[in-house]
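Novice: Below is start_21.txt; it holds compact mmCIF, C-alpha atoms.
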```txt
# COMPACT_ATOMS: atom_id res chain seq x y z
CA MET A 696 92.31 73.39 166.73
CA ASN A 697 90.35 76.10 164.95
CA ALA A 698 92.95 78.87 164.98
CA THR A 699 93.80 80.20 161.53
CA ILE A 700 96.48 82.29 159.85
CA SER A 701 95.47 84.78 157.11
CA LEU A 702 98.20 85.50 154.60
CA PRO A 703 98.63 88.69 152.56
CA THR A 704 98.68 88.27 148.78
CA ILE A 705 102.45 88.50 148.51
CA LEU A 706 103.03 85.63 150.94
CA ARG A 707 100.56 83.20 149.36
CA PRO A 708 103.03 81.90 146.76
CA TYR A 709 105.15 80.64 149.69
CA ALA A 710 102.16 78.59 150.90
CA ASP A 711 101.06 76.99 147.60
CA GLY A 712 98.64 79.87 147.01
CA ALA A 713 96.66 79.44 150.26
CA ARG A 714 94.85 82.48 151.70
CA LYS A 715 94.42 80.83 155.06
CA LEU A 716 96.29 78.12 156.91
CA ASP A 717 95.58 76.15 160.05
CA ALA A 718 97.55 77.36 163.03
CA VAL A 719 99.05 74.68 165.23
CA GLY A 720 100.65 75.69 168.52
CA SER A 721 99.89 77.55 171.73
CA THR A 722 101.90 80.72 170.94
CA VAL A 723 102.58 82.66 167.73
CA GLY A 724 106.20 81.52 167.91
CA GLU A 725 105.14 77.88 168.14
CA VAL A 726 102.74 78.37 165.25
CA PHE A 727 105.50 79.83 163.09
CA SER A 728 107.92 77.04 164.05
CA GLU A 729 105.33 74.43 163.12
CA LEU A 730 104.79 76.24 159.82
CA ALA A 731 108.49 75.95 159.09
CA GLY A 732 107.97 72.20 158.75
CA ARG A 733 105.06 72.51 156.31
CA HIS A 734 106.07 75.69 154.44
CA PRO A 735 109.76 76.40 155.08
CA LYS A 736 109.92 79.29 152.57
CA LEU A 737 106.95 80.99 154.24
CA ALA A 738 108.55 80.66 157.66
CA GLU A 739 111.70 82.32 156.30
CA GLN A 740 109.58 85.40 155.49
CA LEU A 741 108.03 85.49 158.95
CA LEU A 742 111.08 85.05 161.12
CA SER A 743 114.37 86.91 160.86
CA PRO A 744 117.61 84.91 161.20
CA ASP A 745 117.83 85.90 164.89
CA GLY A 746 114.41 84.32 165.48
CA GLY A 747 112.58 87.65 165.90
CA LEU A 748 109.92 89.36 163.81
CA PRO A 749 111.22 91.15 160.67
CA VAL A 750 110.68 94.92 160.77
CA PHE A 751 108.27 95.00 157.81
CA VAL A 752 106.11 92.12 159.06
CA ASN A 753 103.13 92.95 161.25
CA VAL A 754 101.34 90.12 163.01
CA PHE A 755 97.90 90.65 164.51
CA VAL A 756 96.30 88.20 166.92
CA ASP A 757 92.55 88.79 166.94
CA ASP A 758 93.26 92.12 165.23
CA GLU A 759 95.83 93.37 167.74
CA ASP A 760 99.55 93.84 166.97
CA ILE A 761 101.61 91.21 168.84
CA ARG A 762 104.49 93.71 169.22
CA TYR A 763 102.31 95.36 171.89
CA MET A 764 101.26 92.05 173.39
CA ASP A 765 103.81 89.34 174.21
CA GLY A 766 105.52 89.26 170.82
CA LEU A 767 106.09 85.75 169.54
CA ASP A 768 105.07 84.49 173.01
CA THR A 769 101.55 85.86 172.48
CA GLY A 770 99.10 83.08 173.22
CA VAL A 771 97.03 81.36 170.55
CA GLY A 772 93.80 79.67 171.56
CA GLU A 773 90.79 78.07 169.93
CA ARG A 774 89.37 80.29 167.19
CA THR A 775 92.26 82.77 167.37
CA GLU A 776 92.74 84.59 164.10
CA ILE A 777 96.33 85.38 163.22
CA THR A 778 96.56 88.02 160.48
CA ILE A 779 99.87 88.76 158.81
CA LEU A 780 100.27 92.08 157.01
CA PRO A 781 103.18 93.91 155.43
CA ALA A 782 104.10 97.26 157.02
CA VAL A 783 102.98 100.03 154.67
CA ALA A 784 102.30 103.73 155.04
CA GLY A 785 99.18 105.76 154.30
CA GLY A 786 98.31 109.42 154.14
CA MET B 1385 110.60 126.04 165.75
CA SER B 1386 107.05 127.06 166.47
CA ILE B 1387 104.49 127.44 163.70
CA PRO B 1388 103.05 130.94 163.14
CA LEU B 1389 99.52 129.55 163.42
CA ALA B 1390 97.47 132.54 162.34
CA GLU B 1391 99.54 132.94 159.17
CA TYR B 1392 98.56 129.40 158.11
CA GLY B 1393 94.94 129.49 159.23
CA ILE B 1394 95.40 126.83 161.90
CA VAL B 1395 92.70 127.35 164.49
CA PRO B 1396 91.75 125.05 167.37
CA THR B 1397 89.26 122.48 166.09
CA PRO B 1398 86.20 121.50 168.16
CA LEU B 1399 86.42 118.66 170.65
CA VAL B 1400 82.94 117.21 170.87
CA ARG B 1401 81.55 114.55 173.15
CA LEU B 1402 80.19 111.44 171.44
CA GLU B 1403 76.98 110.74 173.31
CA ARG B 1404 75.60 107.64 171.64
CA VAL B 1405 78.12 105.38 169.89
CA GLY B 1406 80.42 104.84 172.88
CA PRO B 1407 80.09 102.28 175.66
CA PRO B 1408 78.36 103.50 178.82
CA GLY B 1409 80.69 104.71 181.55
CA VAL B 1410 83.45 105.96 179.24
CA HIS B 1411 83.69 109.61 178.21
CA LEU B 1412 84.43 109.54 174.49
CA PHE B 1413 85.48 112.72 172.69
CA ALA B 1414 86.03 113.43 168.99
CA LYS B 1415 88.57 115.96 167.69
CA CYS B 1416 86.86 117.38 164.60
CA GLU B 1417 89.67 118.11 162.18
CA TRP B 1418 87.52 118.99 159.16
CA HIS B 1419 87.21 122.49 160.64
CA LEU B 1420 90.70 123.29 159.34
CA PRO B 1421 91.11 125.33 156.10
CA THR B 1422 91.12 122.52 153.52
CA GLY B 1423 88.94 120.28 155.64
CA SER B 1424 91.45 117.83 157.07
CA VAL B 1425 94.01 117.23 159.80
CA LYS B 1426 96.72 117.60 157.14
CA ASP B 1427 96.50 121.40 157.23
CA ARG B 1428 98.48 121.16 160.47
CA VAL B 1429 101.16 119.00 158.87
CA ALA B 1430 101.38 121.10 155.72
CA ALA B 1431 101.65 124.29 157.79
CA GLY B 1432 104.38 122.82 159.95
CA MET B 1433 106.42 121.57 157.00
CA PHE B 1434 105.87 124.77 155.03
CA ALA B 1435 106.87 126.99 157.96
CA ALA B 1436 110.00 124.92 158.57
CA ALA B 1437 111.01 125.02 154.89
CA LYS B 1438 110.40 128.76 154.79
CA ALA B 1439 112.49 129.34 157.92
CA GLU B 1440 115.32 127.34 156.34
CA GLY B 1441 115.14 129.46 153.19
CA ARG B 1442 114.16 126.48 151.02
CA LEU B 1443 111.07 128.16 149.56
CA ALA B 1444 113.01 131.06 148.05
CA GLY B 1445 113.56 131.82 144.37
CA SER B 1446 112.16 129.59 141.65
CA VAL B 1447 111.41 126.63 143.89
CA ARG B 1448 108.91 124.03 142.70
CA LEU B 1449 107.14 121.75 145.16
CA MET B 1450 106.31 118.09 144.55
CA GLU B 1451 104.71 115.58 146.92
CA PRO B 1452 103.23 112.07 146.72
CA SER B 1453 99.84 112.01 148.45
CA SER B 1454 96.65 110.01 148.26
CA GLY B 1455 94.73 113.20 148.98
CA ASN B 1456 94.59 115.28 152.10
CA THR B 1457 98.28 116.21 152.41
CA GLY B 1458 98.42 117.12 148.73
CA ILE B 1459 95.32 119.29 149.06
CA ALA B 1460 96.71 121.07 152.15
CA ILE B 1461 100.08 121.72 150.47
CA ALA B 1462 98.29 122.87 147.29
CA ARG B 1463 96.53 125.59 149.27
CA LEU B 1464 99.76 126.91 150.77
CA ALA B 1465 101.65 126.64 147.48
CA ARG B 1466 98.95 128.63 145.71
CA LEU B 1467 98.83 131.30 148.43
CA ASN B 1468 102.59 131.68 148.10
CA GLY B 1469 102.73 131.52 144.30
CA ILE B 1470 104.78 128.32 144.26
CA PRO B 1471 104.15 125.74 141.49
CA PHE B 1472 103.14 122.38 142.96
CA THR B 1473 102.94 118.94 141.43
CA VAL B 1474 101.23 116.16 143.36
CA LEU B 1475 101.69 112.48 142.61
CA VAL B 1476 98.34 110.80 143.19
CA PRO B 1477 97.54 107.07 142.99
CA ASP B 1478 95.17 106.57 140.04
CA ASN B 1479 92.64 104.73 142.23
CA VAL B 1480 91.70 107.51 144.66
CA SER B 1481 88.20 109.02 144.66
CA SER B 1482 87.62 111.66 141.98
CA GLU B 1483 86.75 114.34 144.56
CA ARG B 1484 90.38 114.41 145.63
CA THR B 1485 91.81 115.07 142.19
CA GLU B 1486 89.04 117.63 141.55
CA LEU B 1487 89.96 119.50 144.73
CA LEU B 1488 93.64 119.42 143.82
CA ARG B 1489 92.82 120.91 140.42
CA ALA B 1490 90.68 123.57 142.08
CA TYR B 1491 93.75 124.57 144.09
CA ASP B 1492 95.76 124.77 140.85
CA ALA B 1493 97.96 121.80 141.61
CA GLU B 1494 99.46 119.89 138.72
CA ILE B 1495 98.43 116.24 138.99
CA GLU B 1496 100.46 113.26 137.95
CA LEU B 1497 98.89 109.88 138.43
CA THR B 1498 100.94 106.99 139.76
CA PRO B 1499 99.84 103.38 139.33
CA GLY B 1500 97.43 102.65 142.17
CA GLU B 1501 98.74 99.12 142.51
CA LEU B 1502 102.06 100.56 143.68
CA GLY B 1503 100.30 101.92 146.77
CA SER B 1504 101.61 104.75 148.93
CA ASN B 1505 104.96 103.00 149.30
CA GLY B 1506 105.51 102.87 145.57
CA ALA B 1507 104.42 106.50 145.17
CA VAL B 1508 106.94 107.60 147.80
CA ARG B 1509 109.74 105.76 145.99
CA ILE B 1510 108.79 107.28 142.63
CA ALA B 1511 108.66 110.75 144.19
CA GLU B 1512 112.02 110.41 145.94
CA GLU B 1513 113.63 109.39 142.66
CA ARG B 1514 111.94 112.19 140.77
CA ALA B 1515 113.01 114.81 143.35
CA ARG B 1516 116.64 113.72 142.99
CA GLU B 1517 116.48 114.20 139.22
CA SER B 1518 114.22 117.26 138.91
CA GLY B 1519 115.48 119.30 141.84
CA GLU B 1520 111.89 119.84 142.99
CA LEU B 1521 111.42 120.29 146.72
CA MET B 1522 109.61 117.38 148.36
CA LEU B 1523 108.41 118.30 151.86
CA HIS B 1524 108.12 114.54 152.47
CA GLN B 1525 105.51 114.11 155.18
CA TYR B 1526 106.78 110.59 155.93
CA ASP B 1527 110.29 111.78 156.72
CA ASN B 1528 109.91 115.37 157.95
CA ALA B 1529 110.19 116.04 161.69
CA ALA B 1530 107.91 119.05 161.19
CA ASN B 1531 105.00 116.60 160.66
CA PRO B 1532 104.90 115.16 164.19
CA ALA B 1533 106.14 118.51 165.57
CA ALA B 1534 103.00 120.21 164.21
CA HIS B 1535 100.87 117.83 166.26
CA GLU B 1536 103.11 118.17 169.29
CA GLN B 1537 102.67 121.95 169.12
CA THR B 1538 99.00 122.22 168.17
CA THR B 1539 96.83 119.07 168.34
CA GLY B 1540 98.23 117.84 171.66
CA PRO B 1541 97.98 121.13 173.59
CA GLU B 1542 94.53 121.84 172.10
CA ILE B 1543 93.17 118.51 173.36
CA VAL B 1544 94.58 119.00 176.85
CA ALA B 1545 93.27 122.58 177.08
CA GLN B 1546 89.83 121.65 175.73
CA LEU B 1547 89.48 118.71 178.13
CA ASN B 1548 90.61 120.96 180.95
CA SER B 1549 87.91 123.49 180.15
CA LEU B 1550 85.36 120.68 180.38
CA GLY B 1551 86.70 119.67 183.79
CA TYR B 1552 88.86 116.72 182.69
CA GLY B 1553 92.55 116.06 183.02
CA PRO B 1554 94.65 114.66 180.14
CA PRO B 1555 92.84 111.75 178.44
CA ASP B 1556 93.21 108.16 179.64
CA ALA B 1557 93.52 107.09 176.01
CA PHE B 1558 94.29 108.85 172.74
CA VAL B 1559 93.34 107.13 169.47
CA ALA B 1560 94.19 108.02 165.88
CA SER B 1561 94.23 106.18 162.59
CA LEU B 1562 97.66 105.34 161.25
CA GLY B 1563 98.94 106.87 158.01
CA THR B 1564 102.30 108.55 158.44
CA GLY B 1565 102.13 108.09 162.21
CA GLY B 1566 102.62 111.85 162.64
CA THR B 1567 99.45 112.48 164.65
CA LEU B 1568 100.10 109.62 167.08
CA THR B 1569 103.78 110.45 167.50
CA GLY B 1570 103.32 114.21 167.96
CA VAL B 1571 100.36 114.07 170.32
CA ALA B 1572 102.02 111.29 172.34
CA ARG B 1573 105.16 113.42 172.73
CA HIS B 1574 103.12 116.34 174.04
CA LEU B 1575 101.24 114.14 176.49
CA ARG B 1576 104.49 112.59 177.73
CA SER B 1577 106.05 116.07 178.09
CA ILE B 1578 103.35 117.08 180.55
CA GLY B 1579 103.70 113.82 182.45
CA ALA B 1580 100.41 112.28 181.29
CA SER B 1581 100.23 108.49 181.32
CA THR B 1582 97.72 108.39 178.44
CA SER B 1583 97.49 105.13 176.47
CA ILE B 1584 98.32 105.77 172.81
CA VAL B 1585 96.27 103.60 170.46
CA ALA B 1586 96.73 103.27 166.69
CA ALA B 1587 93.92 102.22 164.35
CA GLU B 1588 95.51 100.35 161.47
CA PRO B 1589 93.73 100.14 158.11
CA PRO B 1590 93.84 96.71 156.47
CA VAL B 1591 96.19 96.62 153.50
CA GLY B 1592 94.03 96.28 150.41
CA GLU B 1593 94.51 92.99 148.61
CA ALA B 1594 95.20 94.75 145.34
CA ILE B 1595 96.89 97.93 146.46
CA ALA B 1596 99.74 96.91 148.70
CA GLY B 1597 102.06 97.37 145.76
CA LEU B 1598 104.67 95.10 147.23
CA ARG B 1599 106.71 92.43 145.54
CA SER B 1600 108.00 91.07 148.81
CA MET B 1601 107.75 91.75 152.51
CA ASP B 1602 111.10 93.53 152.23
CA ASP B 1603 109.33 96.25 150.18
CA GLY B 1604 107.49 97.34 153.33
CA TYR B 1605 107.82 100.82 154.70
CA VAL B 1606 107.77 102.24 158.20
CA PRO B 1607 107.72 106.06 157.99
CA PRO B 1608 110.76 107.56 159.73
CA VAL B 1609 108.49 110.13 161.48
CA PHE B 1610 106.54 107.34 163.19
CA ASP B 1611 107.90 106.42 166.63
CA ALA B 1612 106.20 103.07 167.24
CA ARG B 1613 107.69 102.89 170.75
CA LEU B 1614 105.21 105.54 171.92
CA LEU B 1615 102.22 103.30 171.19
CA SER B 1616 100.40 101.28 173.81
CA THR B 1617 98.77 99.14 171.18
CA ARG B 1618 97.85 98.93 167.53
CA MET B 1619 94.50 97.59 166.42
CA LEU B 1620 93.57 96.36 162.98
CA ILE B 1621 90.24 97.90 161.96
CA ARG B 1622 88.64 96.05 159.05
CA THR B 1623 87.12 98.08 156.24
CA GLY B 1624 83.60 96.86 157.09
CA ALA B 1625 83.96 97.92 160.74
CA ALA B 1626 85.32 101.32 159.67
CA ILE B 1627 82.43 101.90 157.24
CA GLN B 1628 79.87 100.72 159.76
CA MET B 1629 81.15 103.16 162.41
CA THR B 1630 81.40 105.96 159.82
CA ARG B 1631 77.69 105.45 159.16
CA ARG B 1632 76.82 105.31 162.86
CA LEU B 1633 78.67 108.59 163.44
CA MET B 1634 76.42 110.11 160.79
CA SER B 1635 73.12 108.60 161.92
CA GLU B 1636 73.63 108.64 165.70
CA GLU B 1637 75.97 111.57 166.34
CA GLY B 1638 75.19 113.72 163.30
CA LEU B 1639 78.83 113.76 162.18
CA PHE B 1640 79.47 113.37 158.44
CA VAL B 1641 83.01 112.00 158.42
CA GLY B 1642 85.38 110.00 156.24
CA PRO B 1643 86.24 106.32 156.77
CA SER B 1644 89.46 106.88 158.76
CA SER B 1645 87.30 108.66 161.37
CA GLY B 1646 85.11 105.58 161.60
CA ALA B 1647 88.22 103.46 162.04
CA ALA B 1648 89.55 105.68 164.85
CA VAL B 1649 86.25 105.64 166.73
CA ALA B 1650 85.90 101.87 166.26
CA ALA B 1651 89.37 101.43 167.79
CA ALA B 1652 88.53 103.87 170.60
CA ILE B 1653 85.43 101.88 171.50
CA ARG B 1654 87.28 98.58 171.37
CA TYR B 1655 90.02 99.97 173.62
CA SER B 1656 87.44 101.50 175.99
CA GLU B 1657 86.46 98.00 177.11
CA ARG B 1658 89.79 97.84 178.96
CA LEU B 1659 89.37 101.16 180.74
CA PRO B 1660 87.77 101.73 184.13
CA GLU B 1661 84.41 103.46 184.58
CA GLY B 1662 84.72 107.21 184.10
CA ALA B 1663 87.78 107.05 181.83
CA SER B 1664 88.18 109.66 179.08
CA VAL B 1665 89.13 108.78 175.51
CA VAL B 1666 89.91 111.15 172.63
CA ALA B 1667 89.72 110.00 169.00
CA VAL B 1668 90.91 112.07 166.05
CA LEU B 1669 88.39 112.43 163.20
CA PRO B 1670 90.71 113.44 160.32
CA ASP B 1671 88.23 114.66 157.72
CA ALA B 1672 84.60 114.99 156.63
CA GLY B 1673 82.79 112.68 154.24
CA TRP B 1674 82.60 114.92 151.16
CA LYS B 1675 85.64 113.47 149.44
CA TYR B 1676 84.32 109.91 149.76
CA LEU B 1677 80.78 110.32 148.41
CA SER B 1678 81.70 108.74 145.08
CA THR B 1679 83.14 105.65 146.79
CA GLY B 1680 79.66 104.45 147.76
CA ILE B 1681 80.51 103.90 151.42
CA TYR B 1682 77.43 105.76 152.70
CA GLU B 1683 74.73 103.75 150.95
CA GLY B 1684 73.52 100.20 150.42
CA SER B 1685 74.74 97.24 152.42
CA VAL B 1686 78.08 97.43 154.22
CA GLU B 1687 79.14 94.24 152.39
CA ASP B 1688 78.53 95.88 149.01
CA ALA B 1689 80.36 99.03 150.14
CA VAL B 1690 83.36 96.99 151.25
CA ALA B 1691 83.39 95.16 147.93
CA ALA B 1692 83.14 98.46 146.04
CA THR B 1693 86.21 99.86 147.82
CA GLU B 1694 88.37 96.80 147.15
CA GLY B 1695 91.33 97.83 145.01
CA THR B 1696 90.99 101.53 145.83
CA THR B 1697 92.97 103.79 148.14
CA LEU B 1698 90.22 104.49 150.65
CA TRP B 1699 92.29 106.63 153.07
```
Here is the file; what I need is its structure written in the form of structure tokens.

Specialist:
Amino acid sequence: MNATISLPTILRPYADGARKLDAVGSTVGEVFSELAGRHPKLAEQLLSPDGGLPVFVNVFVDDEDIRYMDGLDTGVGERTEITILPAVAGG
Amino acid sequence: MSIPLAEYGIVPTPLVRLERVGPPGVHLFAKCEWHLPTGSVKDRVAAGMFAAAKAEGRLAGSVRLMEPSSGNTGIAIARLARLNGIPFTVLVPDNVSSERTELLRAYDAEIELTPGELGSNGAVRIAEERARESGELMLHQYDNAANPAAHEQTTGPEIVAQLNSLGYGPPDAFVASLGTGGTLTGVARHLRSIGASTSIVAAEPPVGEAIAGLRSMDDGYVPPVFDARLLSTRMLIRTGAAIQMTRRLMSEEGLFVGPSSGAAVAAAIRYSERLPEGASVVAVLPDAGWKYLSTGIYEGSVEDAVAATEGTTLW
């Protein structure tokens, strides 16, 4: 499996400083659940207690926001890049 | 309320067809916002917020204005403040290009630098706190309904009328880069109000490694004016892709624009791949390139330009 997860600076401490992690699973939700085993504190940041996506967490699959795709059910394939970014404003 | 446009110098900006950078079969149009008085889309927002504050009597007496802005909004408010004889302080991240602070000074704005590593989020928090203590009036583009309303009243109708005069209906897709979300929200509301089924596409800038200014994900910020439900999708446009398209707009279309314009057009082209032959797409080009000359994004290799902008507030 070549899919990867890119972490923003503020989440790296929850993953032993890693910038990128291997993604294991066929959907974003499965990937996050699998992460919970390896990096439980990181998974806490990525999933709200109700199992959804926290409001300030944006997840992009191949540079597209999963909120406008299938959410946590968005598919992850070979070479998919999952990018996690905090919600911030510009202007 | 409706904005007295002439009083604020808001004129319809040109909608030009992009002939070369777009994919064949899709009609790609650019809304050229640098034709506004201070050279950016933010003249609309500043005019809308200023008109609303004036109508509510909040600009009377010895009012002082204060606003956090990485550039364009501050410059647009500075113009109106000066024209109306109102003192204005702008809180600017200390890592923005020097052209922006020079322009602000030219408009007589008082500049206070905020730590760039706090990002826009941090600057907004500092400004909100300061406004509570100082009594200064913060128009607050992130939380002022007049921001999207200005686009609902001007940008949206202009686009529809201009397309109509060229023989097109409302666009199949509308694309803008995401800052406050005001452009996307306001234009989308206008398009929905006339029954258009236009796809609304946001181009998201990548959060700079050094400038996010967050201690935790809970420090994130979604501007209250941004109605994310109106979007069809949101695309992450990497800095390199934005710079590359900014350069192509210059070399192939003859348009000298800033990096958020490159990001919007890059997203428009990516989204165009999903549209049928003959579809029309409008992208907003928020400003010209003048304010970014010192950032080095127009010369040398794209890789070097990306590296040079790391740790700065590019747009």

Novice: Please identify all polymer residues within 12 Å of segment 731-743 of chain A, counting all atoms listed in the file, omitting same-chain residues fewer than 6 positions from it, and present them as an NGL selection string.

Specialist: (:A and (700 or 702-703 or 705-713 or 716-719 or 723-725 or 749-754 or 766-767 or 778-781)) or (:B and (1600-1602))

Novice: Would you mind reading off the distance between atom CA of Ala1515 of chain B and atom CA of Asn1528 of chain B, one decimal, in Å?

Specialist: 14.9 Å

Novice: Could you please determine the separation between atom CA of Asn1505 of chain B and atom CA of Tyr1491 of chain B in Å, to one decimal place?

Specialist: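 A separation of 24.9 Å between them.
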
Novice: Do me a favour and pick out the residues of chain A within 7 Å of chain B, using all atoms listed in the file, as a list in words.

Specialist: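 Listed by rising number, the hits are Thr704, Ile705, Phe751, Val752, Asp758, Glu759, Asp760, Tyr763, Pro781, Ala782, Val783, Ala784, Gly785 and Gly786 of chain A.
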
Novice: Every residue with an atom at most 9 Å from (83.2, 108.0, 148.2) (file coordinates; all atoms listed in the file) is what I'm after, so could you write them as a tab-separated table (two decimals) with C-alpha atoms, in the frame of the given file?

Specialist:
```
chain	number	residue	atom	x	y	z
B	1481	SER	CA	88.20	109.02	144.66
B	1482	SER	CA	87.62	111.66	141.98
B	1483	GLU	CA	86.75	114.34	144.56
B	1642	GLY	CA	85.38	110.00	156.24
B	1673	GLY	CA	82.79	112.68	154.24
B	1674	TRP	CA	82.60	114.92	151.16
B	1675	LYS	CA	85.64	113.47	149.44
B	1676	TYR	CA	84.32	109.91	149.76
B	1677	LEU	CA	80.78	110.32	148.41
B	1678	SER	CA	81.70	108.74	145.08
B	1679	THR	CA	83.14	105.65	146.79
B	1680	GLY	CA	79.66	104.45	147.76
B	1681	ILE	CA	80.51	103.90	151.42
B	1682	TYR	CA	77.43	105.76	152.70
B	1693	THR	CA	86.21	99.86	147.82
B	1698	LEU	CA	90.22	104.49	150.65
```

Novice: Which distance in Å separates atom CA of Gly1553 of chain B and atom CA of Pro1541 of chain B, to one decimal?

Specialist: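 Answer for the atom CA of Gly1553 of chain B to atom CA of Pro1541 of chain B separation: 12.0 Å.
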
Novice: Would you list the contacts of Ala698 of chain A as a JSON list (two decimals) with C-alpha atoms, keeping the file's coordinate frame, taking every protein, DNA or RNA residue within 12 Å and counting all atoms listed in the file, but skipping same-chain residues closer than 3 positions in sequence?

Specialist:
```
[["chain", "number", "residue", "atom", "x", "y", "z"],
["A", 701, "SER", "CA", 95.47, 84.78, 157.11],
["A", 715, "LYS", "CA", 94.42, 80.83, 155.06],
["A", 716, "LEU", "CA", 96.29, 78.12, 156.91],
["A", 717, "ASP", "CA", 95.58, 76.15, 160.05],
["A", 718, "ALA", "CA", 97.55, 77.36, 163.03],
["A", 719, "VAL", "CA", 99.05, 74.68, 165.23],
["A", 720, "GLY", "CA", 100.65, 75.69, 168.52],
["A", 721, "SER", "CA", 99.89, 77.55, 171.73],
["A", 722, "THR", "CA", 101.90, 80.72, 170.94],
["A", 723, "VAL", "CA", 102.58, 82.66, 167.73],
["A", 726, "VAL", "CA", 102.74, 78.37, 165.25],
["A", 756, "VAL", "CA", 96.30, 88.20, 166.92],
["A", 757, "ASP", "CA", 92.55, 88.79, 166.94],
["A", 770, "GLY", "CA", 99.10, 83.08, 173.22],
["A", 771, "VAL", "CA", 97.03, 81.36, 170.55],
["A", 772, "GLY", "CA", 93.80, 79.67, 171.56],
["A", 773, "GLU", "CA", 90.79, 78.07, 169.93],
["A", 774, "ARG", "CA", 89.37, 80.29, 167.19],
["A", 775, "THR", "CA", 92.26, 82.77, 167.37],
["A", 776, "GLU", "CA", 92.74, 84.59, 164.10],
["A", 777, "ILE", "CA", 96.33, 85.38, 163.22],
["A", 778, "THR", "CA", 96.56, 88.02, 160.48]]
```

Novice: Which of these residues is nearest to Gly1432 of chain B, using only C-alpha atoms: B:Glu1661, B:Asp1611, B:Asp1688, B:Glu1536?

Specialist: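 Using only C-alpha atoms, Gly1432 of chain B sits closest to B:Glu1536.
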
Novice: Since the input is missing atoms, can you rebuild N, CA and C atoms for segment 1641-1655 of chain B and write them as a PDB file, in the frame of the given file?

Specialist:
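That gives us part05.pdb:
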```pdb
ATOM      1  N   VAL B1641      81.552 112.128 158.427  1.00  0.00           N
ATOM      2  CA  VAL B1641      83.010 112.000 158.420  1.00  0.00           C
ATOM      3  C   VAL B1641      83.480 110.972 157.400  1.00  0.00           C
ATOM      4  N   GLY B1642      84.784 110.973 157.147  1.00  0.00           N
ATOM      5  CA  GLY B1642      85.380 110.000 156.240  1.00  0.00           C
ATOM      6  C   GLY B1642      85.682 108.691 156.953  1.00  0.00           C
ATOM      7  N   PRO B1643      86.077 107.661 156.200  1.00  0.00           N
ATOM      8  CA  PRO B1643      86.240 106.320 156.770  1.00  0.00           C
ATOM      9  C   PRO B1643      87.351 106.185 157.811  1.00  0.00           C
ATOM     10  N   SER B1644      88.401 107.020 157.739  1.00  0.00           N
ATOM     11  CA  SER B1644      89.460 106.880 158.760  1.00  0.00           C
ATOM     12  C   SER B1644      88.946 107.372 160.113  1.00  0.00           C
ATOM     13  N   SER B1645      87.929 108.243 160.106  1.00  0.00           N
ATOM     14  CA  SER B1645      87.300 108.660 161.370  1.00  0.00           C
ATOM     15  C   SER B1645      86.540 107.496 161.970  1.00  0.00           C
ATOM     16  N   GLY B1646      85.824 106.761 161.119  1.00  0.00           N
ATOM     17  CA  GLY B1646      85.110 105.580 161.600  1.00  0.00           C
ATOM     18  C   GLY B1646      86.067 104.572 162.193  1.00  0.00           C
ATOM     19  N   ALA B1647      87.226 104.413 161.541  1.00  0.00           N
ATOM     20  CA  ALA B1647      88.220 103.460 162.040  1.00  0.00           C
ATOM     21  C   ALA B1647      88.747 103.896 163.412  1.00  0.00           C
ATOM     22  N   ALA B1648      89.010 105.187 163.567  1.00  0.00           N
ATOM     23  CA  ALA B1648      89.550 105.680 164.850  1.00  0.00           C
ATOM     24  C   ALA B1648      88.536 105.488 165.969  1.00  0.00           C
ATOM     25  N   VAL B1649      87.269 105.787 165.689  1.00  0.00           N
ATOM     26  CA  VAL B1649      86.250 105.640 166.730  1.00  0.00           C
ATOM     27  C   VAL B1649      86.014 104.154 167.044  1.00  0.00           C
ATOM     28  N   ALA B1650      86.058 103.315 166.018  1.00  0.00           N
ATOM     29  CA  ALA B1650      85.900 101.870 166.260  1.00  0.00           C
ATOM     30  C   ALA B1650      87.015 101.369 167.175  1.00  0.00           C
ATOM     31  N   ALA B1651      88.248 101.835 166.937  1.00  0.00           N
ATOM     32  CA  ALA B1651      89.370 101.430 167.790  1.00  0.00           C
ATOM     33  C   ALA B1651      89.203 101.997 169.199  1.00  0.00           C
ATOM     34  N   ALA B1652      88.719 103.238 169.282  1.00  0.00           N
ATOM     35  CA  ALA B1652      88.530 103.870 170.600  1.00  0.00           C
ATOM     36  C   ALA B1652      87.521 103.077 171.424  1.00  0.00           C
ATOM     37  N   ILE B1653      86.457 102.633 170.771  1.00  0.00           N
ATOM     38  CA  ILE B1653      85.430 101.880 171.500  1.00  0.00           C
ATOM     39  C   ILE B1653      85.968 100.514 171.918  1.00  0.00           C
ATOM     40  N   ARG B1654      86.719  99.883 171.008  1.00  0.00           N
ATOM     41  CA  ARG B1654      87.280  98.580 171.370  1.00  0.00           C
ATOM     42  C   ARG B1654      88.246  98.727 172.558  1.00  0.00           C
ATOM     43  N   TYR B1655      89.060  99.787 172.527  1.00  0.00           N
ATOM     44  CA  TYR B1655      90.020  99.970 173.620  1.00  0.00           C
ATOM     45  C   TYR B1655      89.314 100.352 174.927  1.00  0.00           C
TER      46      TYR B1655
END
```
